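Trainee: Sharing coords_22.tsv, TSV, C-alpha atoms:
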chain	number	residue	atom	x	y	z
E	243	MET	CA	0.00	0.00	0.00
E	244	LYS	CA	2.90	2.34	0.76
E	245	ASP	CA	4.29	2.08	-2.78
E	246	PHE	CA	0.79	2.61	-4.18
E	247	LEU	CA	0.52	5.89	-2.24
E	248	ARG	CA	3.95	6.99	-3.49
E	249	PHE	CA	2.80	6.29	-7.03
E	250	ILE	CA	-0.38	8.33	-6.51
E	251	VAL	CA	1.69	11.21	-5.08
E	252	GLY	CA	3.54	11.27	-8.39
E	253	PHE	CA	0.24	11.89	-10.17
E	254	LEU	CA	-1.25	14.24	-7.54
E	255	PRO	CA	-0.43	17.45	-9.46
E	256	TRP	CA	-2.14	16.03	-12.55
E	257	ILE	CA	-5.15	14.89	-10.54
E	258	SER	CA	-5.47	18.30	-8.87
E	259	PHE	CA	-5.17	19.99	-12.26
E	260	GLY	CA	-7.96	17.85	-13.66
E	261	VAL	CA	-10.20	18.61	-10.70
E	262	LEU	CA	-9.50	22.35	-10.41
E	263	ALA	CA	-9.19	23.49	-14.04
E	264	GLY	CA	-12.46	24.89	-15.23
E	265	PRO	CA	-14.03	26.94	-17.95
E	266	SER	CA	-12.72	30.28	-16.71
E	267	LEU	CA	-9.22	31.71	-17.01
E	268	LEU	CA	-9.10	32.23	-13.24
E	269	ARG	CA	-9.85	28.54	-12.56
E	270	LEU	CA	-7.23	27.50	-15.12
E	271	GLU	CA	-4.62	29.78	-13.54
E	272	ILE	CA	-5.45	28.52	-10.03
E	273	ALA	CA	-5.23	24.91	-11.24
E	274	ILE	CA	-1.83	25.55	-12.82
E	275	LEU	CA	-0.45	27.27	-9.70
E	276	VAL	CA	-1.80	24.62	-7.32
E	277	SER	CA	-0.41	21.83	-9.52
E	278	LEU	CA	2.95	23.55	-9.75
E	279	ALA	CA	3.05	24.07	-5.98
E	280	LEU	CA	2.04	20.44	-5.33
E	281	THR	CA	4.77	19.24	-7.66
E	282	VAL	CA	7.38	21.09	-5.62
E	283	ILE	CA	5.95	20.54	-2.13
E	284	VAL	CA	4.71	16.95	-2.34
E	285	GLY	CA	7.31	15.86	-4.88
E	286	PHE	CA	10.33	17.53	-3.28
E	287	GLY	CA	11.91	14.22	-2.31
E	288	GLN	CA	11.27	12.80	-5.76
E	289	LEU	CA	12.76	15.91	-7.38
E	290	LYS	CA	15.91	15.49	-5.25
E	291	LYS	CA	16.13	11.85	-6.39
E	292	GLY	CA	15.70	12.83	-10.05
E	293	PHE	CA	12.32	11.16	-10.65
E	294	ILE	CA	11.51	11.65	-14.33
E	295	LEU	CA	7.75	11.84	-13.76
E	296	THR	CA	8.14	14.56	-11.14
E	297	TRP	CA	10.69	16.56	-13.14
E	298	GLY	CA	8.56	16.23	-16.28
E	299	THR	CA	5.54	17.39	-14.30
E	300	LEU	CA	7.47	20.37	-12.93
E	301	LEU	CA	8.66	21.37	-16.41
E	302	PHE	CA	5.18	20.94	-17.87
E	303	PHE	CA	3.42	23.09	-15.28
E	304	ALA	CA	6.21	25.68	-15.24
E	305	ALA	CA	5.96	26.03	-19.04
E	306	ILE	CA	2.17	26.17	-18.87
E	307	ALA	CA	2.36	28.80	-16.11
E	308	VAL	CA	4.56	30.98	-18.30
E	309	LEU	CA	2.37	30.50	-21.38
E	310	VAL	CA	-1.00	30.92	-19.66
E	311	ILE	CA	-0.42	33.19	-16.66
E	312	LEU	CA	2.39	35.43	-17.89
E	313	MET	CA	1.92	35.44	-21.66
E	314	LYS	CA	-1.88	34.88	-21.79
E	315	ASN	CA	-1.34	32.54	-24.74
E	316	VAL	CA	-4.84	31.80	-26.01
E	317	TRP	CA	-3.81	28.73	-28.03
E	318	THR	CA	-2.41	27.09	-24.90
E	319	MET	CA	-5.50	28.00	-22.87
E	320	THR	CA	-7.79	26.61	-25.55
E	321	HIS	CA	-5.90	23.35	-25.90
E	322	MET	CA	-5.15	22.51	-22.25
E	323	GLY	CA	-7.48	19.52	-22.44
E	324	LEU	CA	-5.20	18.08	-25.12
E	325	LEU	CA	-1.90	19.27	-23.70
E	326	ALA	CA	-2.24	17.72	-20.23
E	327	PRO	CA	-2.69	14.06	-21.29
E	328	SER	CA	-0.19	14.59	-24.10
E	329	GLY	CA	2.29	15.87	-21.52
E	330	MET	CA	1.86	12.77	-19.37
E	331	ALA	CA	2.25	10.52	-22.41
E	332	ALA	CA	5.38	12.41	-23.48
E	333	ILE	CA	6.93	11.94	-20.03
E	334	ALA	CA	6.23	8.18	-20.05
E	335	TRP	CA	7.56	7.62	-23.57
E	336	PHE	CA	10.56	9.91	-23.00
E	337	SER	CA	11.51	7.90	-19.92
E	338	LEU	CA	11.45	4.74	-22.05
E	339	ALA	CA	13.41	6.38	-24.87
E	340	ILE	CA	16.26	7.30	-22.52
E	341	GLY	CA	16.23	3.84	-20.93
E	342	LYS	CA	14.88	4.96	-17.56
E	343	PRO	CA	11.24	3.87	-17.34
E	344	PHE	CA	9.55	6.13	-14.82
E	345	VAL	CA	7.88	3.16	-13.09
E	346	ALA	CA	11.33	1.81	-12.14
E	347	GLN	CA	12.01	4.84	-9.98
E	348	PHE	CA	8.88	4.16	-7.94
E	349	ALA	CA	9.52	0.40	-7.85
E	350	ARG	CA	13.06	0.89	-6.50
E	351	GLU	CA	11.65	2.66	-3.47
E	352	ASN	CA	10.49	-0.72	-2.07
E	353	ALA	CA	12.61	-3.24	-3.94
E	354	PRO	CA	15.85	-4.59	-2.50
E	355	VAL	CA	18.91	-3.05	-4.18
E	356	ASP	CA	20.06	-6.47	-5.42
E	357	ARG	CA	16.88	-6.71	-7.56
E	358	TRP	CA	17.28	-3.35	-9.32
E	359	ASN	CA	19.43	-4.71	-12.15
E	360	HIS	CA	17.68	-8.05	-12.42
E	361	PRO	CA	16.37	-8.58	-15.99
E	362	GLN	CA	12.87	-9.48	-14.75
E	363	PHE	CA	12.67	-6.32	-12.60
E	364	ILE	CA	13.83	-4.13	-15.50
E	365	ALA	CA	11.45	-5.84	-17.95
E	366	SER	CA	8.50	-5.43	-15.55
E	367	CYS	CA	9.23	-1.73	-15.10
E	368	ARG	CA	9.55	-1.21	-18.86
E	369	TYR	CA	6.32	-3.12	-19.44
E	370	LEU	CA	4.36	-1.12	-16.84
E	371	THR	CA	5.74	2.14	-18.23
E	372	ILE	CA	4.52	1.07	-21.70
E	373	VAL	CA	1.10	0.28	-20.21
E	374	TRP	CA	0.94	3.74	-18.61
E	375	GLY	CA	2.21	5.40	-21.79
E	376	CYS	CA	-0.60	3.68	-23.73
E	377	LEU	CA	-3.19	4.71	-21.14
E	378	PHE	CA	-2.01	8.31	-21.42
E	379	LEU	CA	-2.34	8.02	-25.20
E	380	VAL	CA	-5.90	6.75	-24.70
E	381	SER	CA	-6.60	9.85	-22.59
E	382	THR	CA	-5.04	12.00	-25.30
E	383	ALA	CA	-7.21	10.34	-27.96
E	384	LEU	CA	-10.29	10.90	-25.80
E	385	ALA	CA	-9.31	14.56	-25.39
E	386	PHE	CA	-9.02	14.89	-29.18
E	387	ALA	CA	-12.40	13.20	-29.61
E	388	LYS	CA	-13.90	15.58	-27.05
E	389	TYR	CA	-12.26	18.61	-28.73
E	390	PHE	CA	-13.71	17.64	-32.11
E	391	HIS	CA	-17.11	16.80	-30.56
E	392	VAL	CA	-16.90	13.12	-31.48
E	393	VAL	CA	-17.38	12.12	-27.84
E	394	ALA	CA	-19.51	13.90	-25.25
E	395	ASP	CA	-17.61	15.79	-22.54
E	396	TRP	CA	-18.93	13.54	-19.80
E	397	ALA	CA	-18.02	10.37	-21.72
E	398	SER	CA	-14.48	11.58	-22.34
E	399	THR	CA	-14.07	12.42	-18.66
E	400	VAL	CA	-15.53	9.13	-17.44
E	401	LEU	CA	-13.43	7.07	-19.87
E	402	SER	CA	-10.24	8.97	-18.99
E	403	ILE	CA	-10.83	8.42	-15.28
E	404	ALA	CA	-11.65	4.77	-15.98
E	405	SER	CA	-8.36	4.33	-17.84
E	406	VAL	CA	-6.43	5.71	-14.85
E	407	VAL	CA	-8.37	3.50	-12.41
E	408	PHE	CA	-7.66	0.55	-14.70
E	409	GLY	CA	-3.97	1.52	-14.77
E	410	ILE	CA	-3.76	1.64	-10.99
E	411	ALA	CA	-5.60	-1.68	-10.55
E	412	TYR	CA	-3.59	-3.36	-13.31
E	413	THR	CA	-0.29	-2.09	-11.88
E	414	GLU	CA	-1.16	-3.47	-8.44
E	415	TRP	CA	-2.28	-6.81	-9.90
E	416	TYR	CA	0.81	-7.06	-12.11
E	417	LYS	CA	3.19	-6.29	-9.25
E	418	LYS	CA	1.58	-8.97	-7.10
E	419	LYS	CA	1.79	-11.48	-9.95
E	420	ALA	CA	5.44	-10.57	-10.65
E	421	ARG	CA	6.35	-11.00	-6.96
E	422	GLU	CA	4.67	-14.41	-6.89
E	423	ASN	CA	6.49	-15.50	-10.05
E	424	ALA	CA	9.83	-14.28	-8.65
E	425	LYS	CA	9.56	-16.63	-5.67
Hey, can you dump this file as structure tokens for me?
Mentor:
Amino acid sequence: MKDFLRFIVGFLPWISFGVLAGPSLLRLEIAILVSLALTVIVGFGQLKKGFILTWGTLLFFAAIAVLVILMKNVWTMTHMGLLAPSGMAAIAWFSLAIGKPFVAQFARENAPVDRWNHPQFIASCRYLTIVWGCLFLVSTALAFAKYFHVVADWASTVLSIASVVFGIAYTEWYKKKARENAK
């Protein structure tokens, strides 16, 4: 349960952004500032350890803060529903591209050091990062469908939340299965 909570903390800025961002500029600005603050405050330890998800989140919300709050960039404001899931997907796929799947950083928090370089541990972390990257792409596709009025707003929201809930449940199930198979 402890590693599950750590994993959720990594997504807390994104969750808060999704909850707080609304139809007004003020709500969007508040959501950006709260998410940026949460990234620094709640993720401070992860930032010190170089967690890719946390650093990617910090860079995303810092860039969005500059574009929306300081520059009042209308394109960015208009497309936030597309940019947020795309940002999460980019972080996941970037971490794979550089050979440091973001899931591994969370997994190492509770795994014995002698397991970190084990091929099965590395493969599991890569696999789960791919799963999360695909789920973020699903959320991005749903955001596109919502933007182009192919899917109703409520359906896009429900399906995006469902994909995250699925990701959490699947990650927990997969970790349990991998631990059992490792014995």
Trainee: If you take only C-alpha atoms and a cut-off of 12 Å, which residues of range 251-310 of chain E touch range 397-407 of chain E, and what are their nearest atom pairs and distances in Å to one decimal, in chain and number order, as a Markdown table?
Mentor:
| residue | atom | partner | partner_atom | distance |
| --- | --- | --- | --- | --- |
| E:Phe253 | CA | E:Val406 | CA | 10.2 |
| E:Trp256 | CA | E:Val406 | CA | 11.4 |
| E:Ile257 | CA | E:Ile403 | CA | 9.8 |
| E:Gly260 | CA | E:Thr399 | CA | 9.6 |
| E:Val261 | CA | E:Thr399 | CA | 10.8 |
Trainee: Fewer than 5 positions away in the same chain doesn't count, so skip those; otherwise give me all residues within 8 Å of Ser328 in chain E, counting only C-alpha atoms, as a list in words.
Mentor: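 After dropping sequence-adjacent residues, the list is Phe378, Leu379 and Thr382 of chain E.
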Trainee: Can you tell me how far CA of Gly252 in chain E sits from CA of Val284 in chain E, in Å to one decimal?
Mentor: 8.4 Å
Trainee: Looking at all atoms listed in the file, which of E:Arg357, E:Phe259, E:Ala420, E:Val251 is the one that sits closest to Thr296 in chain E?
Mentor: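 Closest candidate: E:Val251.
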Trainee: Nearest residue to Trp297 in chain E out of E:Gly264, E:Gly323, E:Gly409, E:Pro255, using all atoms listed in the file?
Mentor: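 Going through E:Gly264, E:Gly323, E:Gly409, E:Pro255 one by one, the smallest distance to Trp297 in chain E is for E:Pro255.
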Trainee: If you measure from CA of Leu324 in chain E to CA of Leu295 in chain E, what distance in Å do you get, rounded to one decimal?
Mentor: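 Value for the CA of Leu324 in chain E-CA of Leu295 in chain E distance: 18.3 Å.
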Trainee: If we count only C-alpha atoms and set the cut-off at 12 Å, which residues sit around Ile311 in chain E, ignoring sequence neighbours fewer than 3 positions away in its own chain? Please answer as a ChimeraX atom specification.
Mentor: /E:267-275,303-308,314-316,318-319
Trainee: For the residues in the current selection, export C-alpha atoms as a CSV table (one decimal), keeping the file's coordinate frame.
Mentor:
chain,number,residue,atom,x,y,z
E,267,LEU,CA,-9.2,31.7,-17.0
E,268,LEU,CA,-9.1,32.2,-13.2
E,269,ARG,CA,-9.8,28.5,-12.6
E,270,LEU,CA,-7.2,27.5,-15.1
E,271,GLU,CA,-4.6,29.8,-13.5
E,272,ILE,CA,-5.4,28.5,-10.0
E,273,ALA,CA,-5.2,24.9,-11.2
E,274,ILE,CA,-1.8,25.6,-12.8
E,275,LEU,CA,-0.4,27.3,-9.7
E,303,PHE,CA,3.4,23.1,-15.3
E,304,ALA,CA,6.2,25.7,-15.2
E,305,ALA,CA,6.0,26.0,-19.0
E,306,ILE,CA,2.2,26.2,-18.9
E,307,ALA,CA,2.4,28.8,-16.1
E,308,VAL,CA,4.6,31.0,-18.3
E,314,LYS,CA,-1.9,34.9,-21.8
E,315,ASN,CA,-1.3,32.5,-24.7
E,316,VAL,CA,-4.8,31.8,-26.0
E,318,THR,CA,-2.4,27.1,-24.9
E,319,MET,CA,-5.5,28.0,-22.9
Trainee: May I ask which of the residues E:Ala411, E:Cys367, E:Ala394, E:Lys342 is the closest one to Gly292 in chain E, counting all atoms listed in the file?
Mentor: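 Selected residue with least distance to Gly292 in chain E: E:Lys342.
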Trainee: Mind pulling up the distance from CA of Phe348 in chain E to CA of Gly375 in chain E?
Mentor: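 Between CA of Gly375 in chain E and CA of Phe348 in chain E the gap is 15.4 Å.
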Trainee: Using all atoms listed in the file, pick whichever of E:Leu384, E:Val345, E:Ala424, E:Ile340 has the shortest atom-to-atom distance to Ile410 in chain E.
Mentor: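 Of the candidates, the smallest distance to Ile410 in chain E is held by E:Val345.
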Trainee: With 6 Å of padding per side, what axis-aligned box (centre and edge lengths, Å, one decimal) covers all the listed atoms of range 279-297 of chain E? Give it as JSON.
Mentor:
{"center_x": 9.1, "center_y": 17.6, "center_z": -8.2, "size_x": 26.1, "size_y": 24.9, "size_z": 24.2}
Trainee: Looking at E:His321, E:Arg421, E:Lys291, E:Lys388, which one is nearest to Leu309 in chain E, with distances taken over all atoms listed in the file?
Mentor: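 Using all atoms listed in the file, the shortest distance to Leu309 in chain E belongs to E:His321.
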Trainee: Under the rule that all atoms listed in the file are counted, which of E:Thr320, E:Leu280, E:Tyr369, E:Pro327 is the nearest residue to Ser266 in chain E?
Mentor: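 So, comparing all the options, the nearest one is E:Thr320.
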Trainee: Find the spatial neighbours of Gly298 in chain E, counting only C-alpha atoms, within a cut-off of 10 Å - ignore same-chain residues fewer than 3 positions away - and output them as a compact mmCIF listing (two decimals) with C-alpha atoms, keeping the file's coordinate frame.
Mentor:
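Ended up saving to result.txt:
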# COMPACT_ATOMS: atom_id res chain seq x y z
CA THR E 281 4.77 19.24 -7.66
CA LEU E 289 12.76 15.91 -7.38
CA PHE E 293 12.32 11.16 -10.65
CA ILE E 294 11.51 11.65 -14.33
CA LEU E 295 7.75 11.84 -13.76
CA LEU E 301 8.66 21.37 -16.41
CA PHE E 302 5.18 20.94 -17.87
CA PHE E 303 3.42 23.09 -15.28
CA ALA E 304 6.21 25.68 -15.24
CA GLY E 329 2.29 15.87 -21.52
CA MET E 330 1.86 12.77 -19.37
CA ALA E 332 5.38 12.41 -23.48
CA ILE E 333 6.93 11.94 -20.03
CA ALA E 334 6.23 8.18 -20.05
CA PHE E 336 10.56 9.91 -23.00
CA SER E 337 11.51 7.90 -19.92
Trainee: Produce range 329-341 of chain E of the given structure as output with N, CA and C atoms, as a tab-separated table (two decimals), in the first residue's frame.
Mentor:
chain	number	residue	atom	x	y	z
E	329	GLY	N	1.11	15.67	-22.36
E	329	GLY	CA	2.29	15.87	-21.52
E	329	GLY	C	2.63	14.62	-20.72
E	330	MET	N	1.62	13.99	-20.13
E	330	MET	CA	1.86	12.77	-19.37
E	330	MET	C	2.38	11.66	-20.28
E	331	ALA	N	1.79	11.54	-21.46
E	331	ALA	CA	2.25	10.52	-22.41
E	331	ALA	C	3.70	10.79	-22.81
E	332	ALA	N	4.02	12.05	-23.08
E	332	ALA	CA	5.38	12.41	-23.48
E	332	ALA	C	6.38	12.04	-22.38
E	333	ILE	N	6.03	12.28	-21.14
E	333	ILE	CA	6.93	11.94	-20.03
E	333	ILE	C	7.17	10.43	-19.99
E	334	ALA	N	6.10	9.64	-20.10
E	334	ALA	CA	6.23	8.18	-20.05
E	334	ALA	C	7.11	7.67	-21.20
E	335	TRP	N	6.81	8.11	-22.41
E	335	TRP	CA	7.56	7.62	-23.57
E	335	TRP	C	8.99	8.15	-23.57
E	336	PHE	N	9.20	9.37	-23.11
E	336	PHE	CA	10.56	9.91	-23.00
E	336	PHE	C	11.38	9.07	-22.03
E	337	SER	N	10.77	8.70	-20.90
E	337	SER	CA	11.51	7.90	-19.92
E	337	SER	C	11.93	6.56	-20.52
E	338	LEU	N	11.08	5.98	-21.36
E	338	LEU	CA	11.45	4.74	-22.05
E	338	LEU	C	12.55	4.98	-23.07
E	339	ALA	N	12.44	6.07	-23.81
E	339	ALA	CA	13.41	6.38	-24.87
E	339	ALA	C	14.82	6.57	-24.31
E	340	ILE	N	14.92	7.10	-23.10
E	340	ILE	CA	16.26	7.30	-22.52
E	340	ILE	C	16.69	6.11	-21.66
E	341	GLY	N	15.87	5.05	-21.66
E	341	GLY	CA	16.23	3.84	-20.93
E	341	GLY	C	16.03	3.90	-19.43
